[in-house]
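**Student:** Have a look at the structure that comes next, please.
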Amino acid sequence: MAHTASEATGGRSRNLILAAMIFAVAMTFIDQTIVSIAVPEIQKELGLSSTGVQWAVNAYLLSLAALFAYGGRLADTLGHRKMVTLGVIVFAGASALCGLTPKGSLAEAWIVTFRVAQGAGGAIMFPAALAIVVQTFALRERGRALAIFFGIAGGLTAIGPVLGGYLTEWTWRAIFWVNIPVAIIALLLIVISKPTTAHQPARIDYRGLVLIAAGVALSVFGFQQSSIWGWSNPGTGACIALGAVLLVAFYFVQLRTPSPLIQMSIFRIRPFLVENIVLGVAMLVFVPVFFFSSEYAQIALGKTSQQAGLFLLYFFIGFVIAAQIGGRMLDRRGAKLPVTLGCALAAVGFWLWAGKVPDLDFVSQVWFIIMAGAGMGFMLGPASTDAVNRASRLSYGEATGITQTVRNYAASLGLAILGTILVSQMRSRLTTTLISLGVPSGRAASQASSLSQSQGGHGSIASIPPFVRLDFAYSTRTVLQVMAGIMAVAAVVAIVGLRAGVQEESDATRAEPQANPSPPVQGGTLPRPDEP
């Protein structure tokens, strides 16, 4: 009689596997935010151009987003433990080399190249790690397990700026070297816990890989550059449009490929489709809120970069606590309640937070920051878990690759759109303020445009004029109000699209690897899990 991985593995061993996977992915989450704190020091010591230092930050995120789908497919076809191990080694090796970036003419190309390698390692590692957690825990235990997984991982995203601030006081190189001991612990835990998962060898669709990697990379690059080039620059629109065309081409190519990179039939599973829509909408907010709240703390409240990092920890107090409750709600009552409740709570939290932002009083904002974080904590883990649960046991890596591609793509879009709103609002308010101070309208508009692009001016935080701080606060209020509206839309999608009830274990989710796996089905049809 066949046993599932969760039945064959004791509770202690399962928890050890969970710990191993958390340590593995910890590096990817820390690196999403830690580098931005050290940018001034990196640029100063290495003599990087402004474009070069932007690429030192963006190259990692771009590589990660472009290769997630490929990483998920590799995990399902070559083995999840093998891909996690490879990903950890690549990520740690690239981190070490980033920290060893030489000064001089090679510096820019060196650090950007190995930041791309870090992203590739993360893209290989993350889908495989999540697939291992999903296969290790039974369906009724996954909500709790993945609540811990996403709660800790999410918390590390907030710790990144704080940790980066302290490490940079020693040397900026330490922000990369800190990944090495984390990787060693992860590798030791993998060796000790020996996670066993199902996978099925298949051909890799390299044509699809080129199309999706180029499509995601080009469009995400366009979104990233929109804040630098501006939306009026034809290059911005051209990158986004060409990326979109390649993604459309990818979709149609996948329908005609015998062993596709992504089996498009998975989107016929209604909960999977709806959860990905919810995640896509929510990610317009989740990653950008770190950036905008940190900017607000530094520019409007006059905090240091380290204090701004601590500012974000309040968000994660709510996030981590609610993530644990949301995971248990998923196990007991299904995904609809925690996802809908979380989206609605986040919408209310962001709206109330926005109302307090212009007061420039941090204490009055704390509870609303915690509320917004709690809303995101309620919905993020259950939505991600429910989406992956709908896949065949042999396609968990692929499903994770899809959800992570959606999340990263949406986060890039959110940063571009919300960043444009912030700059536009800042420019308008500064122009009005300068005119009221007696500056001629033409000159006021010019100065406002310059100040809004530099987000308050150059030099120390103390040098920012009080009226700029206040105008930035009001502009941030608008951004947070838009975030509230976005989360309200996510709540409506969850209410309308999701069905109440707990998902039942099905043949598809219990499927074990075959001794002699049959060739892939034409068109890549997935077994259809039962829907509640």
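Residues are named by chain letter and number: chains run A, B, ... in the order of the structure tokens, numbers start at 1 in each chain, and ligands are numbered from 1 in the order shown.
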Once DSSP has gone over the backbone, tell me which residues of stretch 90-154 of chain A are in alpha helix (DSSP H), as a ChimeraX atom specification.
**Tutor:** /A:90-99,107-136,142-154
**Student:** Got a sec: who's within 9 Å of A:Val274, counting only C-alpha atoms, leaving out chain neighbours fewer than 6 positions off, as a list in words?
**Tutor:** Phe267, Ala387, Val493, Ala494, Gly497 and Leu498 of chain A
**Student:** Grab the residues selected above and save them as a short mmCIF file (atom, residue, chain, number, x, y, z; two decimals), in the first residue's frame with all heavy atoms.
**Tutor:**
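Everything below was put into again36.cif:
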data_model
loop_
_atom_site.label_atom_id
_atom_site.label_comp_id
_atom_site.auth_asym_id
_atom_site.auth_seq_id
_atom_site.Cartn_x
_atom_site.Cartn_y
_atom_site.Cartn_z
N PHE A 267 -4.95 26.60 -15.53
CA PHE A 267 -5.78 27.79 -15.33
C PHE A 267 -7.27 27.49 -15.49
O PHE A 267 -8.10 28.35 -15.21
CB PHE A 267 -5.35 28.90 -16.29
CG PHE A 267 -4.00 29.47 -15.95
CD1 PHE A 267 -2.87 29.12 -16.69
CD2 PHE A 267 -3.83 30.33 -14.87
CE1 PHE A 267 -1.63 29.62 -16.38
CE2 PHE A 267 -2.59 30.83 -14.54
CZ PHE A 267 -1.47 30.48 -15.30
N ALA A 387 -3.70 28.01 -3.89
CA ALA A 387 -3.38 27.93 -5.31
C ALA A 387 -2.52 26.71 -5.61
O ALA A 387 -2.81 25.92 -6.52
CB ALA A 387 -2.67 29.21 -5.76
N VAL A 493 -12.87 40.31 -5.58
CA VAL A 493 -12.52 39.14 -6.41
C VAL A 493 -12.62 37.87 -5.58
O VAL A 493 -13.14 36.84 -6.04
CB VAL A 493 -11.09 39.29 -6.98
CG1 VAL A 493 -10.66 38.00 -7.68
CG2 VAL A 493 -11.02 40.45 -7.96
N ALA A 494 -12.13 37.91 -4.33
CA ALA A 494 -12.18 36.73 -3.46
C ALA A 494 -13.62 36.35 -3.11
O ALA A 494 -13.98 35.16 -3.13
CB ALA A 494 -11.38 36.99 -2.19
N GLY A 497 -15.21 35.12 -6.55
CA GLY A 497 -14.56 34.02 -7.26
C GLY A 497 -14.34 32.75 -6.47
O GLY A 497 -14.31 31.66 -7.04
N LEU A 498 -14.15 32.87 -5.14
CA LEU A 498 -13.83 31.69 -4.34
C LEU A 498 -15.09 31.04 -3.78
O LEU A 498 -16.08 31.73 -3.52
CB LEU A 498 -12.89 32.06 -3.20
CG LEU A 498 -11.50 32.55 -3.60
CD1 LEU A 498 -10.70 32.95 -2.37
CD2 LEU A 498 -10.75 31.50 -4.40
#
**Student:** Closest to A:Val357 among A:Ala473, A:Val216, A:Val134, A:Leu209, using only C-alpha atoms?
**Tutor:** A:Ala473
**Student:** Which distance in Å separates atom CA of A:Gln365 and atom CA of A:Trp353, to one decimal?
**Tutor:**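 Atom CA of A:Trp353 lies at a distance of 5.9 Å from atom CA of A:Gln365.
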**Student:** Residues within 12 Å of stretch 402-404 of chain A, please, as a ChimeraX atom specification. Count only C-alpha atoms; anything in the same chain fewer than 4 positions from it doesn't count.
**Tutor:** /A:61,64-73,122-128,130,212,216,261-264,266-267,272-280,283,380-381,383-391,395-398,408-411
**Student:** Calculated over only C-alpha atoms, which of the candidates A:Thr476, A:Gln324, A:Thr340, A:Gln32 has the smallest distance to A:Ile152?
**Tutor:**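 Nearest candidate to A:Ile152 out of A:Thr476, A:Gln324, A:Thr340, A:Gln32: A:Gln324.
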**Student:** With only C-alpha atoms as the counted atoms, please give the residues lying no more than 8 Å from A:Leu312, apart from itself and same-chain residues fewer than 4 positions off, as a PyMOL selection string.
**Tutor:** chain A and resi 158+290+293-294+308+316
**Student:** Create the file for the chosen residues now, containing all heavy atoms and written as a compact mmCIF listing (two decimals), in the first residue's frame.
**Tutor:**
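Generated output (again-v4.txt):
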# COMPACT_ATOMS: atom_id res chain seq x y z
N ALA A 158 11.21 42.41 5.98
CA ALA A 158 11.24 43.64 6.77
C ALA A 158 12.54 43.78 7.54
O ALA A 158 13.02 44.89 7.77
CB ALA A 158 10.06 43.65 7.74
N PHE A 290 6.64 48.52 1.35
CA PHE A 290 7.92 48.62 2.04
C PHE A 290 8.68 49.86 1.57
O PHE A 290 9.25 50.60 2.36
CB PHE A 290 8.80 47.39 1.77
CG PHE A 290 8.15 46.08 2.08
CD1 PHE A 290 8.41 44.97 1.31
CD2 PHE A 290 7.27 45.97 3.13
CE1 PHE A 290 7.81 43.75 1.57
CE2 PHE A 290 6.66 44.76 3.42
CZ PHE A 290 6.93 43.65 2.64
N SER A 293 6.63 53.34 2.48
CA SER A 293 6.61 53.65 3.91
C SER A 293 8.01 54.00 4.42
O SER A 293 8.17 54.86 5.28
CB SER A 293 6.03 52.48 4.72
OG SER A 293 6.79 51.31 4.53
N SER A 294 9.03 53.35 3.85
CA SER A 294 10.40 53.67 4.23
C SER A 294 10.76 55.09 3.77
O SER A 294 11.38 55.86 4.52
CB SER A 294 11.37 52.66 3.60
OG SER A 294 12.71 52.98 3.91
N ALA A 308 13.91 53.80 9.84
CA ALA A 308 12.87 53.52 8.84
C ALA A 308 12.64 52.01 8.73
O ALA A 308 11.50 51.56 8.55
CB ALA A 308 13.28 54.08 7.48
N PHE A 316 4.93 44.12 10.23
CA PHE A 316 5.11 42.68 10.31
C PHE A 316 4.71 42.09 11.65
O PHE A 316 4.58 40.88 11.77
CB PHE A 316 6.54 42.30 9.93
CG PHE A 316 6.68 42.19 8.45
CD1 PHE A 316 7.19 43.23 7.72
CD2 PHE A 316 6.25 41.07 7.79
CE1 PHE A 316 7.28 43.16 6.36
CE2 PHE A 316 6.33 40.97 6.42
CZ PHE A 316 6.85 42.02 5.69
**Student:** What does the structure give for the distance between atom CA of A:Tyr60 and atom CA of A:Ala174, in Å to one decimal?
**Tutor:**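 A separation of 17.1 Å between them.
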**Student:** I'd like the contact shell of stretch 298-300 of chain A - 9 Å cut-off, only C-alpha atoms, skipping same-chain residues fewer than 2 positions apart - returned as an NGL selection string.
**Tutor:** :A and (293-296 or 302-305 or 307-308 or 358 or 360 or 455-456 or 461 or 464 or 466 or 468-473)
**Student:** At a cut-off of 10 Å, using only C-alpha atoms, what residues contact A:Arg173? Leave out same-chain residues fewer than 5 positions from it and give the result as a list in words.
**Tutor:**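 Near A:Arg173, the qualifying residues are Val35, Ala38, Glu41, Ile42, Ser95, Ala96, Leu97, Cys98, Gly99, Leu100, Thr101, Leu167, Thr168 and Val178 of chain A.
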**Student:** Which polymer residues have any atom within 12 Å of an atom of stretch 185-191 of chain A, counting only C-alpha atoms, with same-chain residues fewer than 2 positions away left out, as a CSV table (one decimal) with all heavy atoms, in the first residue's frame?
**Tutor:**
chain,number,residue,atom,x,y,z
A,13,SER,N,10.5,15.0,11.9
A,13,SER,CA,11.2,15.1,10.6
A,13,SER,C,10.6,16.1,9.7
A,13,SER,O,11.3,16.8,9.0
A,13,SER,CB,11.2,13.7,10.0
A,13,SER,OG,11.8,13.8,8.7
A,14,ARG,N,9.2,16.2,9.7
A,14,ARG,CA,8.5,17.2,8.9
A,14,ARG,C,8.9,18.6,9.3
A,14,ARG,O,9.2,19.5,8.5
A,14,ARG,CB,7.0,17.0,9.0
A,14,ARG,CG,6.5,15.7,8.3
A,14,ARG,CD,5.0,15.9,8.1
A,14,ARG,NE,4.2,16.1,9.3
A,14,ARG,CZ,3.7,15.1,10.0
A,14,ARG,NH1,3.9,13.8,9.7
A,14,ARG,NH2,3.0,15.4,11.1
A,15,ASN,N,9.0,18.8,10.6
A,15,ASN,CA,9.4,20.1,11.1
A,15,ASN,C,10.8,20.5,10.8
A,15,ASN,O,11.2,21.6,10.5
A,15,ASN,CB,9.2,20.2,12.6
A,15,ASN,CG,7.7,20.2,13.0
A,15,ASN,OD1,6.9,20.7,12.2
A,15,ASN,ND2,7.4,19.8,14.2
A,16,LEU,N,11.7,19.5,10.7
A,16,LEU,CA,13.1,19.7,10.4
A,16,LEU,C,13.2,20.1,8.9
A,16,LEU,O,13.9,20.9,8.5
A,16,LEU,CB,13.9,18.4,10.6
A,16,LEU,CG,15.4,18.5,10.7
A,16,LEU,CD1,15.8,19.5,11.8
A,16,LEU,CD2,16.0,17.2,10.9
A,17,ILE,N,12.3,19.4,8.1
A,17,ILE,CA,12.3,19.7,6.6
A,17,ILE,C,11.8,21.1,6.5
A,17,ILE,O,12.3,21.9,5.6
A,17,ILE,CB,11.4,18.7,5.9
A,17,ILE,CG1,12.0,17.3,5.8
A,17,ILE,CG2,11.1,19.2,4.5
A,17,ILE,CD1,11.1,16.2,5.3
A,18,LEU,N,10.8,21.5,7.2
A,18,LEU,CA,10.2,22.9,7.1
A,18,LEU,C,11.3,23.9,7.5
A,18,LEU,O,11.5,24.9,6.8
A,18,LEU,CB,9.0,23.0,8.1
A,18,LEU,CG,8.4,24.4,8.2
A,18,LEU,CD1,7.8,24.9,6.8
A,18,LEU,CD2,7.3,24.4,9.2
A,19,ALA,N,12.1,23.6,8.6
A,19,ALA,CA,13.1,24.5,9.0
A,19,ALA,C,14.2,24.6,7.9
A,19,ALA,O,14.7,25.7,7.6
A,19,ALA,CB,13.8,24.0,10.3
A,20,ALA,N,14.5,23.5,7.2
A,20,ALA,CA,15.5,23.5,6.2
A,20,ALA,C,15.1,24.4,5.0
A,20,ALA,O,15.9,25.2,4.5
A,20,ALA,CB,15.8,22.1,5.7
A,21,MET,N,13.8,24.3,4.6
A,21,MET,CA,13.3,25.1,3.5
A,21,MET,C,13.2,26.6,3.9
A,21,MET,O,13.4,27.4,3.0
A,21,MET,CB,11.9,24.5,3.1
A,21,MET,CG,11.9,23.1,2.5
A,21,MET,SD,13.1,22.8,1.2
A,21,MET,CE,14.4,21.9,2.1
A,22,ILE,N,12.9,26.9,5.1
A,22,ILE,CA,12.8,28.3,5.5
A,22,ILE,C,14.2,28.9,5.5
A,22,ILE,O,14.4,30.0,5.0
A,22,ILE,CB,12.2,28.4,7.0
A,22,ILE,CG1,10.7,28.1,6.9
A,22,ILE,CG2,12.5,29.8,7.5
A,22,ILE,CD1,10.1,28.0,8.3
A,23,PHE,N,15.2,28.2,5.9
A,23,PHE,CA,16.6,28.7,5.9
A,23,PHE,C,17.0,28.8,4.4
A,23,PHE,O,17.7,29.8,4.1
A,23,PHE,CB,17.6,27.7,6.6
A,23,PHE,CG,17.8,28.1,8.0
A,23,PHE,CD1,17.1,27.5,9.0
A,23,PHE,CD2,18.7,29.1,8.4
A,23,PHE,CE1,17.2,27.8,10.4
A,23,PHE,CE2,18.9,29.4,9.7
A,23,PHE,CZ,18.2,28.8,10.7
A,24,ALA,N,16.6,27.9,3.5
A,24,ALA,CA,17.0,28.0,2.1
A,24,ALA,C,16.4,29.3,1.5
A,24,ALA,O,17.1,30.0,0.8
A,24,ALA,CB,16.5,26.8,1.4
A,25,VAL,N,15.1,29.5,1.7
A,25,VAL,CA,14.5,30.7,1.0
A,25,VAL,C,14.8,32.0,1.8
A,25,VAL,O,14.5,33.1,1.2
A,25,VAL,CB,13.0,30.5,0.8
A,25,VAL,CG1,12.7,29.2,0.1
A,25,VAL,CG2,12.3,30.5,2.2
A,26,ALA,N,15.2,31.9,3.0
A,26,ALA,CA,15.5,33.1,3.8
A,26,ALA,C,16.4,34.1,3.0
A,26,ALA,O,16.1,35.3,3.1
A,26,ALA,CB,16.1,32.8,5.1
A,27,MET,N,17.4,33.6,2.3
A,27,MET,CA,18.3,34.4,1.6
A,27,MET,C,17.6,35.3,0.6
A,27,MET,O,17.9,36.4,0.3
A,27,MET,CB,19.4,33.6,1.0
A,27,MET,CG,20.2,32.8,2.0
A,27,MET,SD,21.5,31.8,1.2
A,27,MET,CE,20.6,30.6,0.2
A,80,HIS,N,13.0,17.9,-6.6
A,80,HIS,CA,12.9,19.1,-5.8
A,80,HIS,C,14.1,19.3,-4.8
A,80,HIS,O,14.6,20.4,-4.7
A,80,HIS,CB,11.6,19.1,-4.9
A,80,HIS,CG,10.4,19.0,-5.8
A,80,HIS,ND1,9.8,17.8,-6.0
A,80,HIS,CD2,9.7,19.9,-6.5
A,80,HIS,CE1,8.7,18.0,-6.8
A,80,HIS,NE2,8.6,19.3,-7.1
A,81,ARG,N,14.5,18.2,-4.2
A,81,ARG,CA,15.7,18.4,-3.3
A,81,ARG,C,16.9,18.7,-4.0
A,81,ARG,O,17.7,19.6,-3.6
A,81,ARG,CB,15.9,17.1,-2.5
A,81,ARG,CG,17.0,17.2,-1.5
A,81,ARG,CD,17.1,16.0,-0.5
A,81,ARG,NE,17.3,14.7,-1.2
A,81,ARG,CZ,17.4,13.6,-0.5
A,81,ARG,NH1,17.3,13.6,0.8
A,81,ARG,NH2,17.6,12.4,-1.1
A,82,LYS,N,17.1,18.1,-5.2
A,82,LYS,CA,18.3,18.4,-6.0
A,82,LYS,C,18.3,19.9,-6.4
A,82,LYS,O,19.3,20.6,-6.4
A,82,LYS,CB,18.2,17.6,-7.3
A,82,LYS,CG,19.5,17.7,-8.2
A,82,LYS,CD,19.3,16.9,-9.5
A,82,LYS,CE,19.1,15.4,-9.2
A,82,LYS,NZ,19.0,14.6,-10.4
A,83,MET,N,17.1,20.5,-6.8
A,83,MET,CA,17.1,21.9,-7.2
A,83,MET,C,17.2,22.8,-6.0
A,83,MET,O,17.8,23.9,-6.2
A,83,MET,CB,15.7,22.1,-8.0
A,83,MET,CG,15.7,21.5,-9.3
A,83,MET,SD,17.0,22.1,-10.5
A,83,MET,CE,18.1,20.7,-10.4
A,84,VAL,N,16.7,22.5,-4.9
A,84,VAL,CA,16.9,23.3,-3.7
A,84,VAL,C,18.4,23.4,-3.4
A,84,VAL,O,18.9,24.5,-3.1
A,84,VAL,CB,16.1,22.8,-2.5
A,84,VAL,CG1,16.6,23.6,-1.2
A,84,VAL,CG2,14.6,23.1,-2.7
A,85,THR,N,19.0,22.2,-3.4
A,85,THR,CA,20.4,22.2,-3.0
A,85,THR,C,21.3,23.0,-4.0
A,85,THR,O,22.1,23.8,-3.7
A,85,THR,CB,20.9,20.7,-3.0
A,85,THR,OG1,20.2,20.0,-2.1
A,85,THR,CG2,22.4,20.7,-2.6
A,86,LEU,N,21.0,22.8,-5.3
A,86,LEU,CA,21.7,23.6,-6.4
A,86,LEU,C,21.4,25.1,-6.2
A,86,LEU,O,22.3,25.9,-6.3
A,86,LEU,CB,21.2,23.1,-7.8
A,86,LEU,CG,21.8,23.8,-9.0
A,86,LEU,CD1,23.3,23.7,-9.0
A,86,LEU,CD2,21.2,23.3,-10.3
A,87,GLY,N,20.2,25.4,-6.0
A,87,GLY,CA,19.8,26.8,-5.8
A,87,GLY,C,20.5,27.5,-4.7
A,87,GLY,O,21.0,28.6,-4.8
A,88,VAL,N,20.6,26.8,-3.5
A,88,VAL,CA,21.3,27.3,-2.4
A,88,VAL,C,22.8,27.5,-2.7
A,88,VAL,O,23.4,28.6,-2.3
A,88,VAL,CB,21.1,26.4,-1.2
A,88,VAL,CG1,22.1,26.8,0.0
A,88,VAL,CG2,19.7,26.4,-0.7
A,89,ILE,N,23.4,26.6,-3.3
A,89,ILE,CA,24.8,26.7,-3.7
A,89,ILE,C,25.1,27.8,-4.6
A,89,ILE,O,26.0,28.6,-4.5
A,89,ILE,CB,25.3,25.3,-4.3
A,89,ILE,CG1,25.3,24.3,-3.2
A,89,ILE,CG2,26.7,25.5,-4.8
A,89,ILE,CD1,25.6,22.9,-3.7
A,91,PHE,N,23.2,30.5,-5.1
A,91,PHE,CA,22.9,31.7,-4.5
A,91,PHE,C,24.0,32.1,-3.5
A,91,PHE,O,24.5,33.3,-3.5
A,91,PHE,CB,21.6,31.6,-3.7
A,91,PHE,CG,21.0,32.9,-3.3
A,91,PHE,CD1,19.9,33.5,-4.0
A,91,PHE,CD2,21.4,33.7,-2.2
A,91,PHE,CE1,19.3,34.7,-3.7
A,91,PHE,CE2,20.9,34.9,-1.9
A,91,PHE,CZ,19.8,35.4,-2.6
A,92,ALA,N,24.5,31.2,-2.7
A,92,ALA,CA,25.6,31.5,-1.8
A,92,ALA,C,26.8,31.8,-2.5
A,92,ALA,O,27.6,32.8,-2.1
A,92,ALA,CB,25.8,30.3,-0.8
A,125,MET,N,15.7,27.8,-6.6
A,125,MET,CA,15.5,27.3,-5.2
A,125,MET,C,14.0,27.4,-4.7
A,125,MET,O,13.5,26.4,-4.1
A,125,MET,CB,16.4,28.1,-4.3
A,125,MET,CG,16.3,27.8,-2.8
A,125,MET,SD,16.8,29.2,-1.8
A,125,MET,CE,18.3,29.7,-2.6
A,129,ALA,N,11.6,24.5,-3.0
A,129,ALA,CA,11.5,24.5,-1.6
A,129,ALA,C,10.0,24.5,-1.2
A,129,ALA,O,9.6,23.8,-0.3
A,129,ALA,CB,12.2,25.8,-1.0
A,132,ILE,N,8.5,21.2,-1.8
A,132,ILE,CA,8.8,20.2,-0.7
A,132,ILE,C,8.0,20.3,0.5
A,132,ILE,O,7.5,19.3,1.1
A,132,ILE,CB,10.3,20.3,-0.4
A,132,ILE,CG1,11.2,19.8,-1.5
A,132,ILE,CG2,10.7,19.6,0.9
A,132,ILE,CD1,12.7,20.0,-1.3
A,178,VAL,N,26.5,37.7,4.6
A,178,VAL,CA,25.7,37.1,5.6
A,178,VAL,C,24.9,35.9,5.1
A,178,VAL,O,24.4,35.1,5.8
A,178,VAL,CB,24.7,38.2,6.1
A,178,VAL,CG1,23.6,38.6,5.1
A,178,VAL,CG2,24.0,37.8,7.4
A,179,ASN,N,24.7,35.8,3.7
A,179,ASN,CA,24.0,34.7,3.2
A,179,ASN,C,24.8,33.4,3.3
A,179,ASN,O,24.1,32.3,3.2
A,179,ASN,CB,23.7,35.0,1.7
A,179,ASN,CG,22.7,36.1,1.4
A,179,ASN,OD1,21.8,36.2,2.2
A,179,ASN,ND2,22.9,36.8,0.4
A,180,ILE,N,26.1,33.4,3.4
A,180,ILE,CA,26.9,32.2,3.4
A,180,ILE,C,26.6,31.3,4.7
A,180,ILE,O,26.3,30.1,4.5
A,180,ILE,CB,28.4,32.6,3.3
A,180,ILE,CG1,28.6,33.3,2.0
A,180,ILE,CG2,29.2,31.3,3.4
A,180,ILE,CD1,30.0,33.8,1.8
A,181,PRO,N,26.6,31.8,5.9
A,181,PRO,CA,26.3,31.0,7.0
A,181,PRO,C,24.8,30.5,7.0
A,181,PRO,O,24.5,29.3,7.4
A,181,PRO,CB,26.5,31.9,8.3
A,181,PRO,CG,26.5,33.3,7.8
A,181,PRO,CD,27.1,33.2,6.4
A,182,VAL,N,23.9,31.3,6.4
A,182,VAL,CA,22.5,30.9,6.3
A,182,VAL,C,22.4,29.7,5.3
A,182,VAL,O,21.7,28.7,5.5
A,182,VAL,CB,21.6,32.0,5.8
A,182,VAL,CG1,20.2,31.5,5.5
A,182,VAL,CG2,21.6,33.2,6.8
A,183,ALA,N,23.2,29.8,4.2
A,183,ALA,CA,23.2,28.7,3.2
A,183,ALA,C,23.8,27.4,3.8
A,183,ALA,O,23.3,26.3,3.5
A,183,ALA,CB,24.0,29.1,2.0
A,193,SER,N,17.6,16.1,7.2
A,193,SER,CA,16.2,15.8,7.1
A,193,SER,C,15.8,14.9,5.9
A,193,SER,O,14.8,14.2,5.9
A,193,SER,CB,15.4,17.1,7.0
A,193,SER,OG,15.7,17.9,5.8
A,194,LYS,N,16.7,14.9,4.8
A,194,LYS,CA,16.4,14.1,3.6
A,194,LYS,C,15.0,14.2,3.1
A,194,LYS,O,14.3,13.2,3.1
A,194,LYS,CB,16.8,12.7,3.9
A,194,LYS,CG,18.3,12.4,4.3
A,194,LYS,CD,18.6,10.9,4.5
A,194,LYS,CE,20.0,10.7,4.7
A,194,LYS,NZ,20.5,11.3,6.0
A,195,PRO,N,14.5,15.3,2.7
A,195,PRO,CA,13.2,15.4,2.2
A,195,PRO,C,13.0,14.5,0.9
A,195,PRO,O,13.8,14.5,0.0
A,195,PRO,CB,13.0,16.9,1.8
A,195,PRO,CG,14.4,17.4,1.7
A,195,PRO,CD,15.2,16.6,2.6
A,196,THR,N,11.9,13.8,0.9
A,196,THR,CA,11.5,13.0,-0.3
A,196,THR,C,10.3,13.4,-0.9
A,196,THR,O,9.2,13.6,-0.2
A,196,THR,CB,11.4,11.5,0.2
A,196,THR,OG1,12.5,11.1,0.9
A,196,THR,CG2,11.1,10.6,-1.0
